[in-house]
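Dropping target28.csv in here (CSV, C-alpha atoms and all ligand atoms):
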```csv
chain,number,residue,atom,x,y,z
A,1,MET,CA,17.5,-11.3,12.1
A,2,SER,CA,19.2,-14.0,14.1
A,3,LYS,CA,19.6,-11.7,17.2
A,4,TYR,CA,15.9,-12.1,17.9
A,5,ASP,CA,15.3,-15.5,16.2
A,6,ARG,CA,13.0,-13.8,13.7
A,7,VAL,CA,11.7,-15.3,10.5
A,8,TYR,CA,11.6,-13.8,7.0
A,9,ASN,CA,7.9,-12.9,6.8
A,10,PHE,CA,6.6,-12.6,3.2
A,11,SER,CA,3.1,-11.8,4.3
A,12,ALA,CA,1.0,-9.5,2.1
A,13,GLY,CA,-0.1,-7.6,5.1
A,14,PRO,CA,0.2,-7.0,8.0
A,15,SER,CA,3.8,-7.4,7.1
A,16,MET,CA,7.4,-6.9,8.3
A,17,LEU,CA,8.6,-3.6,9.9
A,18,PRO,CA,12.2,-2.6,10.0
A,19,VAL,CA,14.0,-4.1,13.0
A,20,GLU,CA,15.5,-0.6,13.7
A,21,VAL,CA,11.9,0.7,14.1
A,22,LEU,CA,10.8,-2.2,16.3
A,23,GLU,CA,13.8,-1.7,18.6
A,24,LYS,CA,13.0,2.0,18.9
A,25,VAL,CA,9.4,1.2,19.8
A,26,GLN,CA,10.6,-1.3,22.3
A,27,LYS,CA,13.0,1.2,23.9
A,28,ASP,CA,10.2,3.8,24.1
A,29,LEU,CA,7.5,1.4,25.2
A,30,LEU,CA,7.2,2.0,28.9
A,31,ASN,CA,8.4,5.6,29.0
A,32,TYR,CA,8.1,7.6,25.8
A,33,GLY,CA,10.7,10.4,25.6
A,34,GLY,CA,10.8,11.0,29.4
A,35,SER,CA,7.0,11.5,29.6
A,36,GLY,CA,6.7,8.6,32.1
A,37,GLN,CA,4.1,6.9,29.9
A,38,SER,CA,3.7,4.7,26.9
A,39,VAL,CA,2.2,6.3,23.7
A,40,MET,CA,-0.7,3.8,24.2
A,41,GLU,CA,-1.5,5.5,27.4
A,42,MET,CA,-1.1,9.1,26.3
A,43,SER,CA,-3.9,11.6,25.8
A,44,HIS,CA,-4.2,12.4,22.1
A,45,ARG,CA,-4.5,16.1,23.2
A,46,SER,CA,-1.2,16.0,25.0
A,47,LYS,CA,1.9,18.0,23.9
A,48,ASP,CA,3.8,14.8,23.4
A,49,PHE,CA,1.3,13.3,21.1
A,50,LYS,CA,0.8,16.6,19.2
A,51,LYS,CA,4.5,16.5,18.4
A,52,ILE,CA,4.3,12.8,17.3
A,53,ILE,CA,1.4,13.5,14.8
A,54,ASP,CA,2.9,16.8,13.6
A,55,ASP,CA,6.3,15.2,13.0
A,56,ALA,CA,4.7,12.2,11.2
A,57,GLU,CA,2.9,14.5,8.9
A,58,ALA,CA,6.0,16.7,8.3
A,59,ASP,CA,8.2,13.7,7.6
A,60,LEU,CA,5.6,12.2,5.2
A,61,ARG,CA,5.4,15.5,3.4
A,62,GLU,CA,9.1,15.6,3.0
A,63,LEU,CA,9.5,12.0,1.9
A,64,MET,CA,6.8,12.2,-0.7
A,65,ASN,CA,7.3,15.9,-1.6
A,66,ILE,CA,3.7,16.7,-0.9
A,67,PRO,CA,2.8,20.2,-1.9
A,68,ASP,CA,1.1,22.7,0.5
A,69,ASN,CA,-2.2,22.5,-1.3
A,70,TYR,CA,-2.7,18.9,-0.3
A,71,LYS,CA,-4.1,17.8,3.1
A,72,VAL,CA,-2.5,14.8,4.9
A,73,LEU,CA,-5.0,12.8,7.0
A,74,PHE,CA,-4.5,9.9,9.4
A,75,LEU,CA,-7.8,8.0,9.5
A,76,GLN,CA,-9.3,4.7,10.7
A,77,GLY,CA,-11.4,2.1,9.0
A,78,GLY,CA,-8.7,0.7,6.8
A,79,GLY,CA,-8.7,0.6,3.0
A,80,THR,CA,-12.2,-0.7,2.9
A,81,LEU,CA,-13.7,2.5,4.4
A,82,GLN,CA,-11.9,4.5,1.7
A,83,PHE,CA,-13.9,2.5,-0.9
A,84,ALA,CA,-16.9,4.5,0.5
A,85,MET,CA,-15.3,7.7,1.6
A,86,VAL,CA,-13.9,8.5,-1.8
A,87,PRO,CA,-17.3,8.4,-3.6
A,88,LEU,CA,-19.1,10.0,-0.7
A,89,ASN,CA,-16.7,13.0,-0.8
A,90,LEU,CA,-15.7,13.2,-4.5
A,91,LEU,CA,-18.9,12.6,-6.4
A,92,ARG,CA,-19.8,16.3,-6.4
A,93,ASN,CA,-20.9,17.5,-9.8
A,94,SER,CA,-22.0,14.9,-12.4
A,95,ARG,CA,-21.9,12.2,-9.8
A,96,LYS,CA,-20.0,10.0,-12.4
A,97,ALA,CA,-16.7,8.2,-11.7
A,98,ASP,CA,-14.7,5.9,-13.9
A,99,TYR,CA,-12.9,2.9,-12.3
A,100,VAL,CA,-10.1,0.8,-13.8
A,101,ILE,CA,-10.5,-2.8,-12.6
A,102,THR,CA,-7.1,-4.4,-12.1
A,103,GLY,CA,-7.8,-6.8,-9.3
A,104,THR,CA,-9.9,-7.8,-6.3
A,105,TRP,CA,-9.4,-4.5,-4.4
A,106,ALA,CA,-10.2,-2.4,-7.4
A,107,LYS,CA,-13.4,-4.4,-7.9
A,108,LYS,CA,-14.4,-4.0,-4.3
A,109,ALA,CA,-13.8,-0.2,-4.6
A,110,TYR,CA,-15.9,-0.1,-7.8
A,111,LYS,CA,-18.8,-2.1,-6.2
A,112,GLU,CA,-18.9,0.1,-3.2
A,113,ALA,CA,-18.9,3.3,-5.3
A,114,CYS,CA,-21.8,1.9,-7.3
A,115,LYS,CA,-24.0,2.5,-4.2
A,116,PHE,CA,-23.4,6.3,-4.5
A,117,GLY,CA,-23.4,7.4,-8.1
A,118,ASP,CA,-23.1,6.6,-11.8
A,119,ILE,CA,-20.0,4.5,-11.8
A,120,LYS,CA,-18.4,3.0,-14.9
A,121,ALA,CA,-15.7,0.4,-15.4
A,122,ALA,CA,-13.4,2.2,-17.8
A,123,ALA,CA,-11.2,-0.9,-18.4
A,124,SER,CA,-10.6,-4.3,-16.9
A,125,SER,CA,-8.1,-7.1,-17.2
A,126,GLU,CA,-10.4,-9.6,-15.4
A,127,GLU,CA,-10.8,-11.9,-18.4
A,128,ASP,CA,-7.0,-12.7,-18.1
A,129,THR,CA,-7.2,-13.1,-14.3
A,130,PHE,CA,-5.7,-9.6,-13.8
A,131,THR,CA,-2.3,-10.6,-15.1
A,132,TRP,CA,-1.7,-7.3,-16.7
A,133,VAL,CA,-2.6,-3.6,-16.3
A,134,PRO,CA,-4.7,-1.8,-19.0
A,135,LYS,CA,-3.2,1.2,-20.6
A,136,ILE,CA,-5.9,3.8,-20.3
A,137,THR,CA,-5.9,7.1,-22.1
A,138,LYS,CA,-8.1,10.2,-22.0
A,139,GLU,CA,-10.5,8.6,-24.6
A,140,ASP,CA,-11.4,5.8,-22.1
A,141,ILE,CA,-12.6,8.4,-19.6
A,142,ARG,CA,-15.9,10.3,-19.5
A,143,PRO,CA,-14.9,13.9,-19.7
A,144,ASP,CA,-17.5,15.0,-17.2
A,145,ALA,CA,-16.5,12.3,-14.6
A,146,ASP,CA,-15.9,13.6,-11.1
A,147,TYR,CA,-12.8,11.4,-10.8
A,148,VAL,CA,-10.9,8.4,-12.2
A,149,TYR,CA,-9.9,5.6,-9.8
A,150,ILE,CA,-6.9,3.3,-10.1
A,151,THR,CA,-5.1,0.8,-7.8
A,152,THR,CA,-1.4,1.4,-8.4
A,153,ASN,CA,-0.2,-1.9,-7.1
A,154,ASN,CA,-2.4,-5.0,-7.1
A,155,THR,CA,-1.4,-6.9,-4.0
A,156,ILE,CA,-3.1,-10.3,-4.9
A,157,TYR,CA,-2.1,-10.5,-8.6
A,158,GLY,CA,1.4,-9.0,-8.4
A,159,THR,CA,0.9,-6.2,-10.9
A,160,LYS,CA,1.6,-2.5,-10.8
A,161,TYR,CA,1.0,0.5,-13.0
A,162,ASN,CA,4.3,1.5,-14.6
A,163,TYR,CA,2.7,4.7,-15.9
A,164,ILE,CA,0.4,7.4,-14.5
A,165,PRO,CA,-2.8,7.7,-16.6
A,166,GLU,CA,-3.3,11.1,-18.3
A,167,THR,CA,-6.7,12.2,-17.2
A,168,GLY,CA,-6.7,15.8,-18.1
A,169,ASP,CA,-8.8,17.9,-15.8
A,170,VAL,CA,-10.5,14.8,-14.3
A,171,PRO,CA,-8.8,14.2,-10.8
A,172,LEU,CA,-7.0,10.9,-10.5
A,173,VAL,CA,-7.6,8.9,-7.3
A,174,ALA,CA,-5.2,6.1,-6.4
A,175,ASP,CA,-5.3,3.3,-3.9
A,176,MET,CA,-1.5,3.0,-3.0
A,177,SER,CA,-2.0,0.6,-0.1
A,178,SER,CA,0.6,-1.9,-1.2
A,179,ASN,CA,3.2,0.4,-2.8
A,180,ILE,CA,3.1,3.8,-1.0
A,181,LEU,CA,6.7,4.9,-0.1
A,182,SER,CA,8.2,2.1,-2.2
A,183,GLU,CA,9.2,4.3,-5.2
A,184,GLU,CA,9.1,8.0,-6.0
A,185,VAL,CA,5.8,9.4,-7.2
A,186,ASP,CA,4.7,12.8,-8.4
A,187,VAL,CA,1.9,13.6,-6.0
A,188,THR,CA,0.8,16.6,-8.2
A,189,LYS,CA,-0.5,14.1,-10.8
A,190,PHE,CA,-3.1,12.9,-8.3
A,191,GLY,CA,-6.2,14.5,-6.8
A,192,LEU,CA,-6.2,11.9,-3.9
A,193,ILE,CA,-3.9,9.2,-2.8
A,194,TRP,CA,-4.8,6.8,0.0
A,195,ALA,CA,-3.1,3.8,1.6
A,196,GLY,CA,-3.8,1.5,4.5
A,197,ALA,CA,-0.7,1.4,6.7
A,198,GLN,CA,-0.3,-2.4,7.2
A,199,LYS,CA,1.4,-3.2,3.9
A,200,ASN,CA,4.3,-0.8,3.7
A,201,VAL,CA,4.0,1.8,6.5
A,202,GLY,CA,3.2,0.5,10.0
A,203,PRO,CA,0.8,-1.4,12.1
A,204,ALA,CA,-2.8,-1.9,10.9
A,205,GLY,CA,-5.3,0.7,12.2
A,206,VAL,CA,-4.2,3.9,10.4
A,207,THR,CA,-5.0,4.9,6.8
A,208,ILE,CA,-3.2,7.7,5.1
A,209,VAL,CA,-5.2,10.1,2.9
A,210,ILE,CA,-3.4,12.7,0.8
A,211,VAL,CA,-6.0,14.9,-0.8
A,212,ARG,CA,-5.9,18.1,-2.9
A,213,GLU,CA,-7.7,20.9,-1.0
A,214,ASP,CA,-10.1,21.9,-3.8
A,215,LEU,CA,-11.6,18.3,-3.7
A,216,ILE,CA,-12.8,18.5,-0.1
A,217,GLY,CA,-15.8,20.3,1.3
A,218,HIS,CA,-18.3,19.2,-1.4
A,219,ALA,CA,-20.0,16.4,0.5
A,220,PRO,CA,-23.5,17.3,1.6
A,221,ALA,CA,-23.1,18.0,5.4
A,222,ASP,CA,-26.7,16.8,6.2
A,223,HIS,CA,-26.1,13.4,4.6
A,224,ILE,CA,-22.5,12.4,5.1
A,225,PRO,CA,-21.6,10.8,8.5
A,226,THR,CA,-19.4,13.3,10.3
A,227,TYR,CA,-16.4,11.0,10.6
A,228,LEU,CA,-16.5,10.3,6.8
A,229,ASP,CA,-16.2,13.9,5.7
A,230,TYR,CA,-12.6,14.7,4.6
A,231,LYS,CA,-13.3,18.3,5.4
A,232,ILE,CA,-14.1,17.7,9.0
A,233,GLN,CA,-11.0,15.5,9.3
A,234,ALA,CA,-8.8,18.1,7.7
A,235,GLU,CA,-10.2,21.0,9.8
A,236,ASN,CA,-9.5,19.0,12.9
A,237,GLY,CA,-6.0,17.8,12.0
A,238,SER,CA,-7.2,14.1,11.9
A,239,MET,CA,-8.3,14.6,15.6
A,240,TYR,CA,-12.0,15.2,15.3
A,241,ASN,CA,-12.1,12.1,17.6
A,242,THR,CA,-9.4,9.9,19.1
A,243,PRO,CA,-7.0,8.9,16.3
A,244,PRO,CA,-5.2,5.6,16.2
A,245,CYS,CA,-2.4,7.0,18.3
A,246,PHE,CA,-0.1,4.1,18.5
A,247,SER,CA,-0.3,3.2,14.8
A,248,ILE,CA,0.4,6.8,13.9
A,249,TYR,CA,3.4,6.9,16.3
A,250,VAL,CA,4.9,3.7,14.7
A,251,ALA,CA,4.2,5.0,11.2
A,252,GLY,CA,6.1,8.2,12.2
A,253,GLU,CA,9.1,6.1,13.3
A,254,VAL,CA,9.0,4.3,9.9
A,255,PHE,CA,9.1,7.8,8.2
A,256,LYS,CA,12.1,8.8,10.3
A,257,TYR,CA,13.8,5.5,9.4
A,258,LEU,CA,13.2,6.1,5.7
A,259,LYS,CA,14.7,9.6,6.0
A,260,SER,CA,17.7,8.1,7.7
A,261,ILE,CA,18.5,5.7,4.9
A,262,GLY,CA,18.3,8.4,2.2
A,263,GLY,CA,14.6,8.7,1.6
A,264,ILE,CA,12.4,7.2,-1.1
A,265,LYS,CA,15.0,7.4,-3.8
A,266,GLU,CA,17.2,5.0,-1.9
A,267,MET,CA,14.3,2.9,-0.9
A,268,GLU,CA,13.3,2.5,-4.5
A,269,ARG,CA,16.8,1.5,-5.5
A,270,ARG,CA,16.7,-1.2,-2.9
A,271,ASN,CA,13.3,-2.4,-3.9
A,272,ARG,CA,14.2,-2.5,-7.6
A,273,GLU,CA,17.3,-4.5,-6.7
A,274,LYS,CA,15.4,-7.0,-4.6
A,275,ALA,CA,12.6,-7.5,-7.2
A,276,ALA,CA,15.1,-7.9,-10.1
A,277,MET,CA,17.0,-10.6,-8.2
A,278,LEU,CA,13.8,-12.6,-7.6
A,279,TYR,CA,12.3,-12.1,-11.1
A,280,ASP,CA,15.6,-12.9,-12.8
A,281,TYR,CA,15.9,-16.1,-10.9
A,282,ILE,CA,12.2,-17.1,-11.6
A,283,ASP,CA,12.7,-16.4,-15.4
A,284,SER,CA,15.9,-18.5,-15.5
A,285,SER,CA,14.4,-21.4,-13.6
A,286,SER,CA,12.7,-24.4,-15.3
A,287,LEU,CA,10.4,-25.0,-12.3
A,288,TYR,CA,8.9,-21.6,-11.4
A,289,LYS,CA,7.0,-19.3,-13.6
A,290,SER,CA,5.6,-15.8,-13.2
A,291,PRO,CA,2.1,-15.5,-14.6
A,292,VAL,CA,2.4,-11.7,-14.8
A,293,ALA,CA,3.1,-9.6,-18.0
A,294,LYS,CA,6.7,-8.6,-17.7
A,295,GLU,CA,6.2,-4.8,-18.1
A,296,ASP,CA,3.5,-4.8,-15.4
A,297,ARG,CA,5.3,-6.8,-12.6
A,298,SER,CA,5.0,-5.5,-9.1
A,299,LEU,CA,8.1,-4.6,-7.1
A,300,MET,CA,6.2,-5.5,-3.9
A,301,ASN,CA,4.3,-8.7,-4.5
A,302,VAL,CA,6.0,-11.3,-6.5
A,303,VAL,CA,3.6,-14.0,-7.7
A,304,PHE,CA,4.9,-17.3,-9.0
A,305,VAL,CA,3.7,-20.9,-9.6
A,306,THR,CA,5.2,-24.3,-10.4
A,307,GLY,CA,2.2,-25.3,-12.4
A,308,ASP,CA,1.4,-28.2,-10.0
A,309,ALA,CA,-0.9,-27.3,-7.1
A,310,ASP,CA,0.5,-30.1,-4.9
A,311,LEU,CA,4.0,-29.1,-5.5
A,312,ASP,CA,3.1,-25.4,-4.6
A,313,LYS,CA,1.7,-26.6,-1.3
A,314,LYS,CA,4.9,-28.6,-0.6
A,315,PHE,CA,7.0,-25.5,-1.4
A,316,VAL,CA,5.1,-23.4,1.0
A,317,ALA,CA,5.3,-26.0,3.8
A,318,GLU,CA,9.0,-26.6,3.4
A,319,ALA,CA,9.8,-22.9,3.1
A,320,LYS,CA,8.0,-22.4,6.4
A,321,GLU,CA,10.3,-25.0,8.0
A,322,ALA,CA,13.2,-23.0,6.7
A,323,GLY,CA,12.0,-19.8,8.4
A,324,LEU,CA,10.5,-18.3,5.2
A,325,VAL,CA,6.9,-17.8,6.2
A,326,ASN,CA,3.6,-16.7,4.5
A,327,LEU,CA,4.6,-17.6,1.0
A,328,SER,CA,1.2,-19.0,-0.2
A,329,GLY,CA,-0.6,-17.1,-2.8
A,330,HIS,CA,-3.9,-15.4,-2.0
A,331,ARG,CA,-6.7,-17.9,-1.3
A,332,SER,CA,-8.4,-16.8,-4.5
A,333,ILE,CA,-5.6,-17.7,-6.9
A,334,GLY,CA,-3.3,-20.2,-5.1
A,335,GLY,CA,0.4,-20.6,-6.1
A,336,MET,CA,3.0,-18.6,-4.3
A,337,ARG,CA,3.4,-14.9,-3.5
A,338,ALA,CA,6.5,-13.3,-1.9
A,339,SER,CA,5.6,-9.9,-0.6
A,340,ILE,CA,8.9,-8.0,-0.4
A,341,TYR,CA,7.8,-4.7,1.0
A,342,ASN,CA,10.2,-1.9,2.1
A,343,ALA,CA,11.1,-3.7,5.3
A,344,MET,CA,12.1,-7.0,3.7
A,345,PRO,CA,15.9,-7.0,3.8
A,346,LYS,CA,17.9,-8.0,0.7
A,347,GLU,CA,19.2,-11.0,2.7
A,348,GLY,CA,15.6,-12.2,3.0
A,349,VAL,CA,15.3,-12.3,-0.8
A,350,GLU,CA,18.7,-13.9,-1.1
A,351,THR,CA,17.7,-16.6,1.4
A,352,LEU,CA,14.4,-17.2,-0.5
A,353,ILE,CA,16.3,-17.6,-3.8
A,354,SER,CA,18.7,-20.1,-2.2
A,355,PHE,CA,15.7,-22.0,-0.9
A,356,MET,CA,14.0,-22.0,-4.3
A,357,LYS,CA,17.1,-23.3,-5.9
A,358,LYS,CA,17.4,-26.2,-3.4
A,359,PHE,CA,13.7,-27.0,-3.8
A,360,GLU,CA,14.1,-27.0,-7.6
A,361,GLU,CA,17.1,-29.4,-7.4
A,362,GLU,CA,15.1,-31.8,-5.1
A,363,ASN,CA,11.9,-31.7,-7.2
A,364,LYS,CA,13.2,-32.1,-10.8
A,401,LIG,C1,-5.0,-4.6,1.6
A,401,LIG,C2,-5.5,-3.8,0.6
A,401,LIG,C3,-6.8,-3.1,0.7
A,401,LIG,C4,-7.7,-3.4,1.9
A,401,LIG,O1,-7.3,-2.9,3.0
A,401,LIG,P1,-8.0,-3.1,4.4
A,401,LIG,O2,-7.3,-2.1,5.3
A,401,LIG,O3,-7.9,-4.5,4.8
A,401,LIG,O4,-9.4,-2.7,4.3
A,401,LIG,C5,-7.2,-2.3,-0.3
A,401,LIG,N1,-6.4,-2.1,-1.4
A,401,LIG,C6,-5.2,-2.7,-1.6
A,401,LIG,C7,-4.4,-2.4,-2.8
A,401,LIG,C8,-4.7,-3.6,-0.6
A,401,LIG,O5,-3.5,-4.2,-0.8
```
In structure tokens, what does this structure look like?
Amino acid sequence: MSKYDRVYNFSAGPSMLPVEVLEKVQKDLLNYGGSGQSVMEMSHRSKDFKKIIDDAEADLRELMNIPDNYKVLFLQGGGTLQFAMVPLNLLRNSRKADYVITGTWAKKAYKEACKFGDIKAAASSEEDTFTWVPKITKEDIRPDADYVYITTNNTIYGTKYNYIPETGDVPLVADMSSNILSEEVDVTKFGLIWAGAQKNVGPAGVTIVIVREDLIGHAPADHIPTYLDYKIQAENGSMYNTPPCFSIYVAGEVFKYLKSIGGIKEMERRNREKAAMLYDYIDSSSLYKSPVAKEDRSLMNVVFVTGDADLDKKFVAEAKEAGLVNLSGHRSIGGMRASIYNAMPKEGVETLISFMKKFEEENK
């Protein structure tokens, strides 16, 4: 880190990228692969860009073990547009869908979907400020629902699903914006997975959608805006119009980097190690507390408090001075949040723990 005088950035998103990837992007910036141009200046119909997007898709398929009967799309509009695209495309028979409300993003998705069909909150942990994740079973789901919707990692509250709900024949849809590629997942358990890139994949501007083929092509063509139809996007290889070329290219470099370190298995090992170090310290400390149920703790977003709002503010300010930035909790809940996505090195977490110990000593 010191080579470039960089800070440890604990931002929830946009967030850190691996230095190796940034160096590669820097090296390619003015002349990508001998093309004489930057990727930013390149036609999306060029041979060079075609290879960039094809390789990105192939590498993502390899990393996540995505079966052939799933389409991989690179779209724009961020996570927020998926809140609408999912119901617009997937409400296709009963026009019913069941949502599990585990945080702000899940709630936004639910509210957006309510504009389009008969949407039910199947379970919620809102009464406990989303500090745990409901265990839902088939009995909680309407058997004729067109899909069930979950948010596998709750960025603001620091919780994650440690199980995949059993939904029988009802397709499971997951917002994986803040934990995609952080641990191994069985894609076949899902009908659709989507994730905005800016948390764990690359720069903002591209959203990944992984969707089972039989779930697309049911949106009424005379009603759905063309861009929002997964079928149109799939038929055109995410190039119905100009895609977010540069974001796709950087995401592709992140996929190559992940392959080079040993894939998602190795990434998960590192993430579990980093999170365990931080939670173990928080649990052993007399100053800091984690508000989250132990079995539901996120590997990516570690939320903690001192119990004193002024002391929390002091912590965040002094941490910043020490080169540990963006540690304040989401504006809706306060406290602290350390987002330790894939690109946060182990040394960043060690440095944070040393700082926390020093702060605890000084503020007894
Ligand atoms: C950040 C985030 C979103 C929203 O993403 P935008 O790209 O800003 O619309 C949705 N869901 C989760 C879980 C997130 O972390």
Can you check which parts of chain A lie within 8 Å of ligand LIG 401 (chain A)? Per residue, the shortest pair of atoms and distance in Å to one decimal, counting all atoms listed in the file, sorted by chain and number, as a Markdown table.
```
| residue | atom | partner | partner_atom | distance |
| --- | --- | --- | --- | --- |
| A:Ala12 | CA | A:LIG401 | O5 | 7.5 |
| A:Gly13 | CA | A:LIG401 | C1 | 6.7 |
| A:Gly77 | CA | A:LIG401 | O2 | 6.9 |
| A:Gly78 | CA | A:LIG401 | O2 | 3.5 |
| A:Gly79 | CA | A:LIG401 | O4 | 3.6 |
| A:Thr80 | CA | A:LIG401 | O4 | 3.7 |
| A:Leu81 | CA | A:LIG401 | O4 | 6.7 |
| A:Trp105 | CA | A:LIG401 | N1 | 4.9 |
| A:Ala106 | CA | A:LIG401 | N1 | 7.1 |
| A:Thr151 | CA | A:LIG401 | C7 | 6.0 |
| A:Thr152 | CA | A:LIG401 | C7 | 7.4 |
| A:Asn153 | CA | A:LIG401 | C7 | 6.0 |
| A:Asn154 | CA | A:LIG401 | C7 | 5.4 |
| A:Thr155 | CA | A:LIG401 | O5 | 4.7 |
| A:Ile156 | CA | A:LIG401 | O5 | 7.4 |
| A:Asp175 | CA | A:LIG401 | C7 | 5.9 |
| A:Met176 | CA | A:LIG401 | C7 | 6.1 |
| A:Ser177 | CA | A:LIG401 | C7 | 4.7 |
| A:Ser178 | CA | A:LIG401 | O5 | 4.7 |
| A:Ala195 | CA | A:LIG401 | N1 | 7.4 |
| A:Gly196 | CA | A:LIG401 | O2 | 5.1 |
| A:Ala197 | CA | A:LIG401 | O2 | 7.6 |
| A:Gln198 | CA | A:LIG401 | O2 | 7.3 |
| A:Lys199 | CA | A:LIG401 | O5 | 6.9 |
| A:Ala204 | CA | A:LIG401 | O2 | 7.2 |
| A:Gly205 | CA | A:LIG401 | O2 | 7.7 |
| A:Thr207 | CA | A:LIG401 | O2 | 7.5 |
```
Item to check | Spatial sel., origin (4.0, 14.9, 5.2), limit 12 Å, only C-alpha atoms, listed as a PyMOL selection string | outcome: chain A and resi 53-74+181+187+208-211+251-252+255-256+259
Item to check | Separation of atom CA of A:Met239 from atom CA of A:Gln37 in Å | outcome: 20.4 Å
Next on the checklist: Set the distance at 8 Å and use only C-alpha atoms: which residues neighbour stretch 214-229 of chain A once local chain neighbours fewer than 3 positions away are removed? I'd like the list as a PyMOL selection string.
Outcome noted: chain A and resi 85+88-92+191+211+232-233+240
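Residue nearest A:Ser260 within the list A:Ser94, A:Ala84, A:Asp283, A:Glu20: A:Glu20 [criterion: smallest interatomic distance, only C-alpha atoms].
Proximity of A:Ile119, A:Ser11, A:Gly329, A:Glu127 to A:Val148, computed with all atoms listed in the file, is greatest for A:Ile119.
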Next on the checklist: So the first atom is atom CA of A:Val305 and the second is atom CA of A:Ala343; what is the distance between them in Å, to one decimal place?
Outcome noted: 23.9 Å
Next on the checklist: Show me, as a PyMOL selection string, the residues that have an atom within 10 Å of A:Lys96 when counting only C-alpha atoms, minus same-chain residues fewer than 6 positions from it.
Outcome noted: chain A and resi 87+90+113-114+116-120+142-148
Could the residues in this selection be written to a file with C-alpha atoms, as a short mmCIF file (atom, residue, chain, number, x, y, z; two decimals), keeping the file's coordinate frame?
```
data_model
loop_
_atom_site.label_atom_id
_atom_site.label_comp_id
_atom_site.auth_asym_id
_atom_site.auth_seq_id
_atom_site.Cartn_x
_atom_site.Cartn_y
_atom_site.Cartn_z
CA PRO A 87 -17.30 8.40 -3.60
CA LEU A 90 -15.70 13.20 -4.50
CA ALA A 113 -18.90 3.30 -5.30
CA CYS A 114 -21.80 1.90 -7.30
CA PHE A 116 -23.40 6.30 -4.50
CA GLY A 117 -23.40 7.40 -8.10
CA ASP A 118 -23.10 6.60 -11.80
CA ILE A 119 -20.00 4.50 -11.80
CA LYS A 120 -18.40 3.00 -14.90
CA ARG A 142 -15.90 10.30 -19.50
CA PRO A 143 -14.90 13.90 -19.70
CA ASP A 144 -17.50 15.00 -17.20
CA ALA A 145 -16.50 12.30 -14.60
CA ASP A 146 -15.90 13.60 -11.10
CA TYR A 147 -12.80 11.40 -10.80
CA VAL A 148 -10.90 8.40 -12.20
#
```
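Proximity ranking of A:Pro171, A:Pro18, A:Gly36, A:Gly335 relative to A:Val303 places A:Gly335 first, based on all atoms listed in the file.
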Item to check | Selected residue of minimal separation from A:Ala319 among A:Pro244, A:Met356, A:Tyr99, A:Tyr4, counting all atoms listed in the file | outcome: A:Met356
Item to check | Contact residues around A:Lys358 with only C-alpha atoms at 12 Å, ignoring same-chain residues under 3 positions, as a PyMOL selection string | outcome: chain A and resi 285+287+315+318-319+322+351-355+361-364
Next on the checklist: For A:Lys274, find every residue with an atom within 9 Å (counting only C-alpha atoms), except residues of its own chain fewer than 3 positions away, and show them as an MDAnalysis selection string.
Outcome noted: chainID A and resid 269:271 277:279 299 340 344:346 349:350
Item to check | Non-local contacts of A:Ile101 (8 Å; only C-alpha atoms; under 5 positions in same chain excluded) as JSON, numbers by chain | outcome: {"A": [106, 107, 110, 121, 122, 123, 124, 125, 126, 150]}
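Between atom CA of A:Glu112 and atom CA of A:Tyr161 there is a distance of 22.2 Å.
With all atoms listed in the file as the basis for measurement, A:Val19 is the residue among A:Val19, A:Ile264, A:Ile248, A:Ala109 that approaches A:Val7 most closely.
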Item to check | For A:Phe246, the nearest of the candidates A:Lys135, A:Pro203, A:Tyr341, A:Thr188, counting only C-alpha atoms | outcome: A:Pro203
